[in-house]
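Have a look at work-v3.cif below; it lists mmCIF, C-alpha atoms.
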data_work
loop_
_atom_site.label_atom_id
_atom_site.label_comp_id
_atom_site.auth_asym_id
_atom_site.auth_seq_id
_atom_site.Cartn_x
_atom_site.Cartn_y
_atom_site.Cartn_z
CA MET I 24 0.00 0.00 0.00
CA ARG I 25 2.83 2.39 0.89
CA ARG I 26 4.42 1.87 -2.55
CA VAL I 27 1.09 2.67 -4.25
CA LEU I 28 0.65 5.85 -2.22
CA LEU I 29 4.16 7.01 -3.04
CA THR I 30 3.52 6.38 -6.71
CA MET I 31 0.39 8.52 -6.59
CA ILE I 32 2.28 11.32 -4.85
CA VAL I 33 5.03 11.28 -7.46
CA VAL I 34 2.57 11.32 -10.34
CA LEU I 35 0.82 14.32 -8.81
CA LEU I 36 4.13 16.11 -8.35
CA ILE I 37 5.64 15.36 -11.73
CA ALA I 38 3.11 14.32 -14.33
CA THR I 39 1.45 17.76 -14.38
CA PRO I 40 3.26 20.27 -16.62
CA ILE I 41 5.33 22.60 -14.40
CA VAL I 42 6.64 26.00 -15.42
CA SER I 43 7.82 27.71 -12.25
CA ALA I 44 11.08 27.21 -10.40
CA GLN I 45 9.09 26.65 -7.21
CA GLY I 46 7.18 23.74 -8.73
CA ASP I 47 9.84 22.24 -10.97
CA PRO I 48 12.26 20.09 -8.95
CA ALA I 49 15.03 20.48 -11.55
CA LEU I 50 14.88 24.28 -11.57
CA ALA I 51 14.55 24.46 -7.80
CA ALA I 52 17.58 22.18 -7.50
CA LEU I 53 19.54 24.34 -9.92
CA ASP I 54 18.69 27.46 -7.93
CA TYR I 55 20.09 25.81 -4.81
CA VAL I 56 23.26 24.74 -6.62
CA LYS I 57 23.85 28.28 -7.91
CA SER I 58 23.43 29.62 -4.38
CA GLN I 59 26.36 27.43 -3.28
CA LYS I 60 28.96 29.07 -5.53
CA ASN I 61 32.04 30.27 -3.65
CA ASP I 62 34.02 33.43 -4.32
CA ASP I 63 36.85 31.45 -5.94
CA GLY I 64 34.53 29.91 -8.56
CA SER I 65 34.14 26.54 -6.85
CA TYR I 66 30.90 25.11 -5.50
CA GLY I 67 30.16 23.55 -2.15
CA GLU I 68 33.09 21.97 -0.36
CA GLY I 69 35.47 20.70 -3.01
CA ILE I 70 36.26 19.19 -6.35
CA VAL I 71 33.35 16.73 -6.67
CA ASP I 72 30.77 19.34 -5.65
CA THR I 73 32.24 21.74 -8.22
CA ILE I 74 32.39 19.19 -11.02
CA LEU I 75 28.85 17.88 -10.54
CA SER I 76 27.51 21.42 -10.17
CA ASN I 77 29.10 22.47 -13.45
CA ILE I 78 27.79 19.33 -15.19
CA ALA I 79 24.25 20.07 -14.00
CA LEU I 80 24.50 23.76 -14.88
CA SER I 81 25.94 22.95 -18.30
CA LEU I 82 23.37 20.31 -19.21
CA LEU I 83 20.63 22.72 -18.18
CA ASP I 84 22.21 25.40 -20.41
CA GLU I 85 23.98 27.46 -17.74
CA PRO I 86 27.68 26.48 -17.93
CA ASP I 87 29.98 28.33 -15.54
CA ALA I 88 33.38 29.37 -16.90
CA ASP I 89 34.53 30.20 -13.38
CA ALA I 90 34.01 26.60 -12.33
CA LEU I 91 36.09 25.33 -15.26
CA THR I 92 38.89 27.72 -14.34
CA TRP I 93 38.81 26.49 -10.75
CA ILE I 94 38.84 22.84 -11.89
CA THR I 95 41.83 23.55 -14.16
CA ASP I 96 43.73 25.21 -11.31
CA TYR I 97 42.83 22.35 -8.98
CA TYR I 98 44.21 19.84 -11.46
CA ALA I 99 47.45 21.81 -11.88
CA GLU I 100 47.98 21.86 -8.13
CA ASN I 101 47.00 18.22 -7.48
CA LYS I 102 47.80 16.38 -10.72
CA ASP I 103 50.03 13.82 -9.01
CA ASP I 104 47.19 12.78 -6.70
CA VAL I 105 44.33 12.84 -9.22
CA THR I 106 42.64 9.42 -9.56
CA ILE I 107 40.89 7.87 -12.56
CA TYR I 108 37.63 8.79 -10.82
CA ASP I 109 38.70 12.45 -10.49
CA ALA I 110 40.10 12.72 -14.01
CA SER I 111 36.98 11.14 -15.51
CA LEU I 112 34.68 13.61 -13.76
CA MET I 113 36.91 16.51 -14.80
CA VAL I 114 36.75 15.44 -18.44
CA LEU I 115 32.96 15.06 -18.16
CA SER I 116 32.66 18.55 -16.72
CA ILE I 117 34.81 20.04 -19.49
CA ALA I 118 32.83 18.25 -22.21
CA ALA I 119 29.49 19.18 -20.63
CA ALA I 120 30.47 22.85 -20.81
CA GLY I 121 30.94 22.50 -24.56
CA GLU I 122 34.73 22.57 -24.52
CA ASP I 123 36.97 20.13 -26.40
CA ALA I 124 38.30 18.02 -23.53
CA LYS I 125 41.09 16.66 -25.75
CA THR I 126 42.70 20.08 -26.05
CA PHE I 127 41.32 21.97 -23.04
CA ALA I 128 44.14 23.06 -20.70
CA ASP I 129 46.61 21.90 -23.37
CA GLY I 130 45.00 18.44 -23.25
CA ALA I 131 46.70 17.67 -19.94
CA ILE I 132 43.58 16.46 -18.10
CA PHE I 133 42.42 14.25 -20.95
CA ALA I 134 45.95 12.88 -21.34
CA SER I 135 46.07 12.19 -17.60
CA LEU I 136 42.84 10.20 -17.76
CA ASN I 137 44.10 8.04 -20.61
CA SER I 138 47.46 7.50 -18.94
CA ARG I 139 45.80 6.35 -15.72
CA LEU I 140 43.36 4.09 -17.54
CA ALA I 141 46.23 2.49 -19.42
CA ARG I 142 48.26 1.83 -16.29
CA ASP I 143 45.30 0.53 -14.27
CA ARG I 144 44.14 -1.94 -16.95
CA GLY I 145 40.62 -2.18 -15.54
CA GLN I 146 41.44 -3.16 -11.97
CA ASP I 147 39.64 -0.08 -10.63
CA VAL I 148 36.18 -1.04 -11.86
CA GLU I 149 34.46 2.22 -10.99
CA GLY I 150 37.36 4.10 -12.59
CA LEU I 151 36.99 1.95 -15.73
CA CYS I 152 33.27 2.66 -15.94
CA LEU I 153 33.63 6.40 -15.38
CA GLY I 154 36.52 6.46 -17.82
CA LEU I 155 34.35 4.88 -20.51
CA ILE I 156 31.62 7.45 -19.84
CA ALA I 157 34.20 10.24 -20.14
CA LEU I 158 35.62 8.86 -23.39
CA ASN I 159 32.09 8.66 -24.77
CA ALA I 160 31.49 12.28 -23.77
CA THR I 161 34.44 13.35 -25.92
CA GLY I 162 33.35 11.28 -28.90
CA THR I 163 36.28 8.89 -28.47
CA SER I 164 35.54 5.41 -29.80
CA VAL I 165 35.89 2.57 -27.31
CA PRO I 166 37.50 -0.67 -28.57
CA SER I 167 35.48 -3.87 -28.22
CA LEU I 168 38.25 -5.26 -26.03
CA VAL I 169 37.42 -2.66 -23.39
CA THR I 170 33.73 -3.51 -23.59
CA SER I 171 34.59 -7.16 -23.00
CA ALA I 172 36.67 -6.20 -19.97
CA LEU I 173 33.70 -4.30 -18.56
CA LEU I 174 31.35 -7.25 -18.99
CA ASP I 175 33.90 -9.61 -17.42
CA ARG I 176 33.82 -7.50 -14.26
CA GLN I 177 30.07 -7.82 -13.75
CA ASN I 178 29.32 -10.07 -10.79
CA GLU I 179 26.82 -12.94 -10.84
CA ASP I 180 24.30 -10.80 -8.94
CA GLY I 181 24.41 -8.24 -11.77
CA GLY I 182 26.25 -5.59 -9.79
CA PHE I 183 29.84 -4.34 -9.79
CA GLY I 184 32.41 -4.03 -7.02
CA LYS I 185 35.12 -1.40 -6.61
CA GLU I 186 37.78 -3.75 -7.95
CA ALA I 187 37.56 -6.91 -10.03
CA GLY I 188 36.22 -9.70 -7.81
CA ASP I 189 34.93 -7.40 -5.05
CA ASP I 190 31.37 -7.67 -3.75
CA SER I 191 28.85 -5.57 -5.62
CA GLU I 192 27.95 -2.08 -4.40
CA PRO I 193 25.07 0.16 -5.53
CA ALA I 194 27.39 3.17 -5.95
CA VAL I 195 29.77 1.36 -8.30
CA THR I 196 26.88 -0.24 -10.14
CA ALA I 197 25.39 3.22 -10.71
CA SER I 198 28.58 4.20 -12.54
CA CYS I 199 28.77 0.96 -14.46
CA ILE I 200 25.16 0.94 -15.62
CA HIS I 201 26.04 4.21 -17.39
CA ALA I 202 28.89 2.36 -19.10
CA LEU I 203 26.69 -0.66 -19.88
CA ALA I 204 24.23 1.67 -21.61
CA LEU I 205 26.98 2.41 -24.13
CA THR I 206 27.32 -1.31 -24.95
CA GLU I 207 23.57 -1.76 -25.58
CA ASN I 208 24.00 -5.24 -24.05
CA GLU I 209 20.46 -5.82 -22.79
CA GLU I 210 21.32 -8.92 -20.81
CA ALA I 211 24.03 -7.12 -18.83
CA ILE I 212 21.85 -4.02 -18.37
CA ASN I 213 18.90 -6.07 -17.10
CA ALA I 214 21.18 -7.94 -14.70
CA ALA I 215 22.42 -4.63 -13.28
CA ILE I 216 18.82 -3.40 -12.93
CA ASP I 217 17.92 -6.62 -11.10
CA TYR I 218 20.78 -6.00 -8.67
CA LEU I 219 19.59 -2.44 -8.03
CA THR I 220 16.06 -3.72 -7.46
CA GLU I 221 17.32 -6.20 -4.86
CA THR I 222 19.39 -3.59 -2.99
CA GLN I 223 16.73 -0.86 -2.91
CA ASN I 224 15.44 -0.07 0.58
CA GLU I 225 11.75 -0.05 1.46
CA ASP I 226 11.75 3.75 1.58
CA GLY I 227 12.70 3.80 -2.11
CA GLY I 228 16.32 4.86 -1.68
CA TRP I 229 19.66 3.06 -1.85
CA PRO I 230 22.27 2.70 0.89
CA PHE I 231 26.02 3.14 0.49
CA GLU I 232 26.46 0.12 2.75
CA ASN I 233 24.45 -3.09 2.66
CA ALA I 234 21.40 -2.87 4.91
CA GLY I 235 22.23 0.75 5.77
CA ASP I 236 20.11 3.87 5.66
CA SER I 237 19.19 5.27 2.27
CA SER I 238 21.34 8.06 0.88
CA THR I 239 19.78 10.87 -1.13
CA LEU I 240 23.09 11.40 -2.93
CA LEU I 241 23.41 7.76 -3.94
CA THR I 242 19.74 7.50 -4.84
CA ALA I 243 20.10 10.47 -7.19
CA TYR I 244 23.17 8.85 -8.76
CA VAL I 245 21.41 5.52 -9.24
CA LEU I 246 18.47 7.30 -10.87
CA THR I 247 20.77 9.07 -13.34
CA GLY I 248 22.12 5.62 -14.24
CA LEU I 249 18.58 4.37 -14.79
CA ASN I 250 17.95 7.43 -16.97
CA ALA I 251 20.97 6.35 -19.01
CA VAL I 252 19.34 3.02 -19.87
CA GLY I 253 15.99 4.60 -20.71
CA ALA I 254 14.04 3.65 -17.59
CA ASP I 255 10.71 5.37 -16.99
CA LEU I 256 11.31 6.71 -13.49
CA MET I 257 7.72 7.76 -12.84
CA VAL I 258 6.35 4.35 -13.70
CA GLU I 259 9.11 1.90 -12.83
CA TRP I 260 10.95 3.71 -10.03
CA ALA I 261 8.33 5.97 -8.47
CA PRO I 262 9.28 5.01 -4.87
CA ALA I 263 12.87 6.18 -5.52
CA VAL I 264 11.65 9.48 -6.96
CA GLY I 265 9.29 9.76 -3.99
CA PHE I 266 12.24 9.28 -1.64
CA MET I 267 14.03 12.15 -3.34
CA MET I 268 11.01 14.44 -3.00
CA GLN I 269 10.49 13.50 0.65
CA ASN I 270 14.05 14.61 1.42
CA VAL I 271 13.95 18.10 -0.03
CA THR I 272 15.19 20.55 2.61
CA GLU I 273 13.82 24.02 3.31
CA ASP I 274 16.55 25.64 1.21
CA GLY I 275 15.79 23.41 -1.79
CA ALA I 276 18.57 20.84 -1.47
CA PHE I 277 18.05 17.11 -1.85
CA GLY I 278 19.00 15.85 1.60
CA GLU I 279 21.55 17.05 4.12
CA GLU I 280 24.33 14.59 3.21
CA LEU I 281 26.70 16.22 0.68
CA PRO I 282 23.75 18.38 -0.43
CA VAL I 283 25.47 20.19 -3.32
CA SER I 284 26.46 16.99 -5.14
CA ALA I 285 23.13 15.33 -4.35
CA THR I 286 21.17 18.32 -5.61
CA ALA I 287 23.23 18.69 -8.77
CA LEU I 288 22.52 15.04 -9.59
CA GLY I 289 18.89 15.57 -8.59
CA ALA I 290 18.58 18.30 -11.21
CA LEU I 291 19.66 15.75 -13.83
CA VAL I 292 17.22 13.16 -12.49
CA PHE I 293 14.22 15.43 -12.95
CA ARG I 294 15.26 16.32 -16.47
CA GLY I 295 15.66 12.70 -17.55
CA LEU I 296 19.42 13.23 -17.94
CA SER I 297 22.50 11.24 -17.04
CA LEU I 298 26.26 11.45 -17.40
CA ASN I 299 25.76 9.85 -20.81
CA SER I 300 23.88 12.96 -21.90
CA ILE I 301 27.26 14.64 -22.34
CA LEU I 302 28.54 14.19 -25.88
CA GLU I 303 30.37 16.60 -28.14
CA THR I 304 28.68 16.81 -31.53
CA GLU I 305 30.03 20.02 -33.03
CA GLU I 306 33.22 20.07 -35.08
CA ILE I 307 36.13 21.69 -33.33
CA GLU I 308 36.82 25.08 -34.87
CA GLY I 309 40.09 25.29 -36.74
CA ASP I 310 40.23 21.74 -38.10
CA ASP I 311 39.74 22.92 -41.67
CA GLU I 312 42.35 25.61 -41.27
CA GLU I 313 44.87 23.05 -40.08
CA ALA I 314 44.11 20.87 -43.09
CA ASP I 315 44.54 23.84 -45.42
CA GLY I 316 47.90 24.61 -43.85
CA GLU I 317 49.43 21.19 -44.39
CA ASP I 318 51.49 22.37 -47.37
CA SER I 319 53.58 24.64 -45.16
CA GLU I 320 54.31 21.79 -42.75
CA GLU I 321 55.30 19.55 -45.63
CA ASP I 322 57.67 22.26 -46.85
CA GLU I 323 59.39 22.21 -43.47
CA THR I 324 59.76 18.44 -43.41
CA ALA I 325 61.11 18.39 -46.95
CA ALA I 326 64.27 19.93 -45.59
CA GLY I 327 64.76 16.87 -43.40
CA GLU I 328 63.41 18.22 -40.12
CA ALA I 329 61.41 15.79 -38.01
CA PRO I 330 57.68 16.69 -38.05
CA THR I 331 56.24 17.92 -34.79
CA LEU I 332 53.71 16.16 -32.56
CA ASP I 333 51.21 17.55 -30.08
CA ALA I 334 53.24 16.87 -26.93
CA ALA I 335 50.26 17.14 -24.57
CA GLN I 336 48.28 14.53 -26.49
CA TRP I 337 51.24 12.15 -26.68
CA ALA I 338 52.03 12.61 -22.99
CA PRO I 339 50.44 9.27 -21.92
CA ILE I 340 52.79 7.44 -24.27
CA ALA I 341 55.85 9.36 -23.18
CA GLU I 342 54.98 8.78 -19.53
CA GLY I 343 54.19 5.09 -20.03
CA PHE I 344 57.48 4.43 -21.79
CA MET I 345 59.44 6.77 -19.49
CA MET I 346 60.53 8.88 -22.46
CA GLU I 347 61.91 12.33 -21.67
CA GLU I 348 59.74 13.88 -24.36
CA LEU I 349 57.59 13.00 -27.32
CA ASP I 350 56.99 16.07 -29.42
CA THR I 351 58.76 15.31 -32.71
CA ALA I 352 58.94 12.28 -34.99
CA ASP I 353 62.59 11.61 -34.17
CA ASP I 354 61.58 10.81 -30.59
CA PHE I 355 60.29 7.47 -31.91
CA LEU I 356 63.86 6.55 -32.92
CA VAL I 357 64.71 5.24 -29.46
CA THR I 358 64.30 1.83 -27.86
CA VAL I 359 61.64 1.67 -25.16
CA VAL I 360 60.18 -1.17 -23.11
CA ASP I 361 56.52 -2.20 -23.14
CA PRO I 362 55.49 -1.66 -19.48
CA PHE I 363 53.25 -4.72 -19.58
CA THR I 364 55.32 -7.30 -21.49
CA ASP I 365 58.93 -6.01 -21.19
CA GLU I 366 59.20 -6.27 -24.98
CA GLU I 367 61.54 -3.77 -26.61
CA LEU I 368 59.93 -1.40 -29.10
CA TYR I 369 61.55 0.94 -31.61
CA GLY I 370 60.38 3.32 -34.31
CA ILE I 371 57.15 2.23 -35.98
CA GLU I 372 56.70 -0.45 -33.30
CA ILE I 373 55.96 2.29 -30.77
CA ILE I 374 53.29 3.75 -33.03
CA ASN I 375 51.86 0.25 -33.63
CA TRP I 376 51.59 -0.23 -29.87
CA VAL I 377 49.69 3.05 -29.52
CA ALA I 378 47.24 1.99 -32.24
CA GLU I 379 46.71 -1.52 -30.92
CA TYR I 380 46.46 -0.80 -27.19
CA GLN I 381 42.86 -0.54 -26.04
CA TYR I 382 43.02 2.91 -24.42
CA THR I 383 45.33 4.84 -26.73
CA GLY I 384 44.01 4.39 -30.27
CA TYR I 385 42.36 7.82 -30.17
CA ILE I 386 45.86 9.38 -30.25
CA ILE I 387 46.54 7.85 -33.66
CA GLU I 388 43.11 8.84 -34.92
CA ASP I 389 43.25 12.44 -33.80
CA PHE I 390 46.91 13.40 -33.39
CA LEU I 391 49.16 11.45 -35.78
CA PRO I 392 49.94 13.32 -39.03
CA ALA I 393 50.86 11.18 -42.04
CA ASP I 394 54.01 13.33 -42.33
CA VAL I 395 55.37 11.61 -39.23
CA LEU I 396 55.04 8.19 -40.89
CA LEU I 397 56.53 9.44 -44.15
CA TRP I 398 59.49 10.90 -42.30
CA LEU I 399 60.03 7.69 -40.33
CA ALA I 400 59.98 5.70 -43.57
CA GLU I 401 62.79 7.89 -44.87
CA GLN I 402 64.86 7.14 -41.77
CA GLU I 403 63.91 3.47 -41.38
CA PRO I 404 63.27 1.65 -44.70
CA ASP I 405 61.37 -1.19 -42.98
CA THR I 406 58.69 1.19 -41.63
CA TRP I 407 56.10 0.26 -44.29
CA GLU I 408 56.93 -3.42 -43.94
CA ASN I 409 56.31 -3.35 -40.20
CA ILE I 410 53.44 -0.87 -39.90
CA SER I 411 50.34 -2.34 -38.27
CA PRO I 412 47.04 -2.26 -40.22
CA ALA I 413 45.55 -0.83 -37.01
CA VAL I 414 47.50 2.40 -37.58
CA VAL I 415 46.21 2.84 -41.12
CA THR I 416 42.66 1.94 -40.10
CA LEU I 417 42.61 4.58 -37.37
CA LEU I 418 44.04 7.39 -39.48
CA PRO I 419 41.53 9.82 -41.06
CA ASP I 420 41.00 9.31 -44.80
CA ASP I 421 42.76 12.54 -45.71
CA GLU I 422 45.88 11.37 -43.87
CA VAL I 423 45.72 7.85 -45.32
CA SER I 424 45.63 9.32 -48.83
CA LYS I 425 49.15 10.73 -48.32
CA LEU I 426 50.65 7.27 -47.72
CA PRO I 427 51.95 4.88 -50.42
CA GLU I 428 49.17 2.98 -52.20
CA ASP I 429 50.23 -0.43 -50.87
CA VAL I 430 50.10 0.98 -47.33
CA GLN I 431 46.67 2.51 -47.95
CA ALA I 432 45.45 -0.96 -48.91
CA LEU I 433 46.12 -2.15 -45.35
CA ALA I 434 43.01 -0.27 -44.22
CA GLU I 435 40.90 -2.63 -46.34
CA GLU I 436 42.34 -5.83 -44.89
#

Transcribe the structure of this file into structure tokens.
Amino acid sequence: MRRVLLTMIVVLLIATPIVSAQGDPALAALDYVKSQKNDDGSYGEGIVDTILSNIALSLLDEPDADALTWITDYYAENKDDVTIYDASLMVLSIAAAGEDAKTFADGAIFASLNSRLARDRGQDVEGLCLGLIALNATGTSVPSLVTSALLDRQNEDGGFGKEAGDDSEPAVTASCIHALALTENEEAINAAIDYLTETQNEDGGWPFENAGDSSTLLTAYVLTGLNAVGADLMVEWAPAVGFMMQNVTEDGAFGEELPVSATALGALVFRGLSLNSILETEEIEGDDEEADGEDSEEDETAAGEAPTLDAAQWAPIAEGFMMEELDTADDFLVTVVDPFTDEELYGIEIINWVAEYQYTGYIIEDFLPADVLLWLAEQEPDTWENISPAVVTLLPDDEVSKLPEDVQALAEE
């Protein structure tokens, strides 16, 4: 009976068209979030509050440049301690605000995320899931190998634990159901939903700990995950929405536990949004100009100079191979060691590794000019013999067209 009554309450609150901030939970939540902005541009009490606030503001068409500046400064001061979780949320916040996360702040934050994902190799399950959501938000394709790794980490009960093999937790599962939505694997998604159904408390919310009290923050996060897989919250999860509404405070926050983060997520809940709603669709300005200017770069390389690389975007590779720098083509003409297999790599083998490794292919696709390969071939005659088809497949068509015809054919194999 209680569940039925809650459902009726939620329908009355939500199903009727609402136009005022006082009656619309999303707008009321956004008003509260905006009231929590600090003088330095941050929100609430720290990095997560600021990131989630900016995501909510951005997705509801009110991005805050001050928040992005604060996040950038925070990263610069704490980059050695930033986790996959932190870096993923930072990239999501940047992308939500309409910026190109791959080049924002010289690409350092995006490069940091990819570097950490590569080193972790999926052991941090929540980090893996958030990383996949962040890559999706930047339009970066995710290799099928990564998708398989995600599915392998789903427990028999349908949930996900913090690390591979750990007991399932609702908080981690909320992150991973976002990632599962990207796979469109209905069996895995339904299993995760079954787990969330089993762990939901009678009051409609979810606890951080098994058999604990419901958390408004976690409930909001779970509901954004359910939004990501297309759930009808009013029909299928009305008790959870009712729990959120029952815990609205006098100042408009959702609950008293970490209210800024909870309310920012609550704003997304009541707009049918999720972290998957962040996706860059516009072309980055300047791409055409760069293409038109390729002749001048070719003129420079004709004199024998090594073509340049975007150092910030190649930073994960330089860091992973402990290279002092990686900003010109001649930096590939060193012997490095694969950090995972101890195999020695040199020249084109390094580029092959970047193309074939599950987290780094985007670097080839977006930041490897054909001029680099042409220059390497002049220095090392066996470059075309040893180049991986994965490199040619990832390169844009206009870059592939500059390569020898027999190398171009590798993309069709």

Exercise. May I have the residues within 8 Å of Asp274 (chain I) as a PyMOL selection string, using only C-alpha atoms and disregarding those fewer than 2 positions away in the same chain?
Key: chain I and resi 55+272+276

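Picture a line from CA of Gly182 (chain I) to CA of Ala110 (chain I); it runs 23.3 Å.
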
Exercise. Counting all atoms listed in the file, figure out which residue out of I:Gly145, I:Gly150, I:Gly184, I:Gly228 gets nearest to Ser171 (chain I).
Key: I:Gly145

Practice problem: Pull out every residue that the PyMOL selection byres ((chain I and resi 137) around 12) matches in the shown coordinates and put them as a PyMOL selection string. | Solution: chain I and resi 106-108+110-111+114+124-125+130-136+138-145+150-151+153-155+157-158+163+165+335-340+342-343+377+380-386

Could you list, with a cut-off of 12 Å and counting all atoms listed in the file, the residues of region 225-312 of chain I near region 76-94 of chain I, each shown with its nearest atom pair and the distance in Å rounded to one decimal, rows sorted by chain and ascending number, as CSV?
residue,atom,partner,partner_atom,distance
I:Thr247,CA,I:Ala79,CA,11.6
I:Pro282,CA,I:Ser76,CA,10.9
I:Val283,CA,I:Ser76,CA,7.3
I:Ser284,CA,I:Ser76,CA,6.8
I:Ala285,CA,I:Ser76,CA,9.5
I:Thr286,CA,I:Ser76,CA,8.4
I:Ala287,CA,I:Ser76,CA,5.3
I:Leu288,CA,I:Ala79,CA,6.9
I:Gly289,CA,I:Ala79,CA,8.8
I:Ala290,CA,I:Ala79,CA,6.6
I:Leu291,CA,I:Ala79,CA,6.3
I:Val292,CA,I:Ala79,CA,10.0
I:Phe293,CA,I:Leu83,CA,11.0
I:Arg294,CA,I:Leu83,CA,8.5
I:Gly295,CA,I:Leu82,CA,11.0
I:Leu296,CA,I:Leu82,CA,8.2
I:Ser297,CA,I:Leu82,CA,9.4
I:Leu298,CA,I:Ile78,CA,8.3
I:Asn299,CA,I:Leu82,CA,10.8
I:Ser300,CA,I:Leu82,CA,7.8
I:Ile301,CA,I:Leu82,CA,7.6
I:Leu302,CA,I:Leu82,CA,10.4
I:Glu303,CA,I:Leu82,CA,11.9

Exercise. On this file, the PyMOL selection byres ((chain I and resi 148) around 9) gives some set of residues; write that set as a list in words.
Key: Gly145, Gln146, Asp147, Glu149, Gly150, Leu151, Cys152, Leu153, Leu173, Arg176, Phe183, Gly184, Lys185, Glu186, Ala187, Val195 and Cys199 of chain I
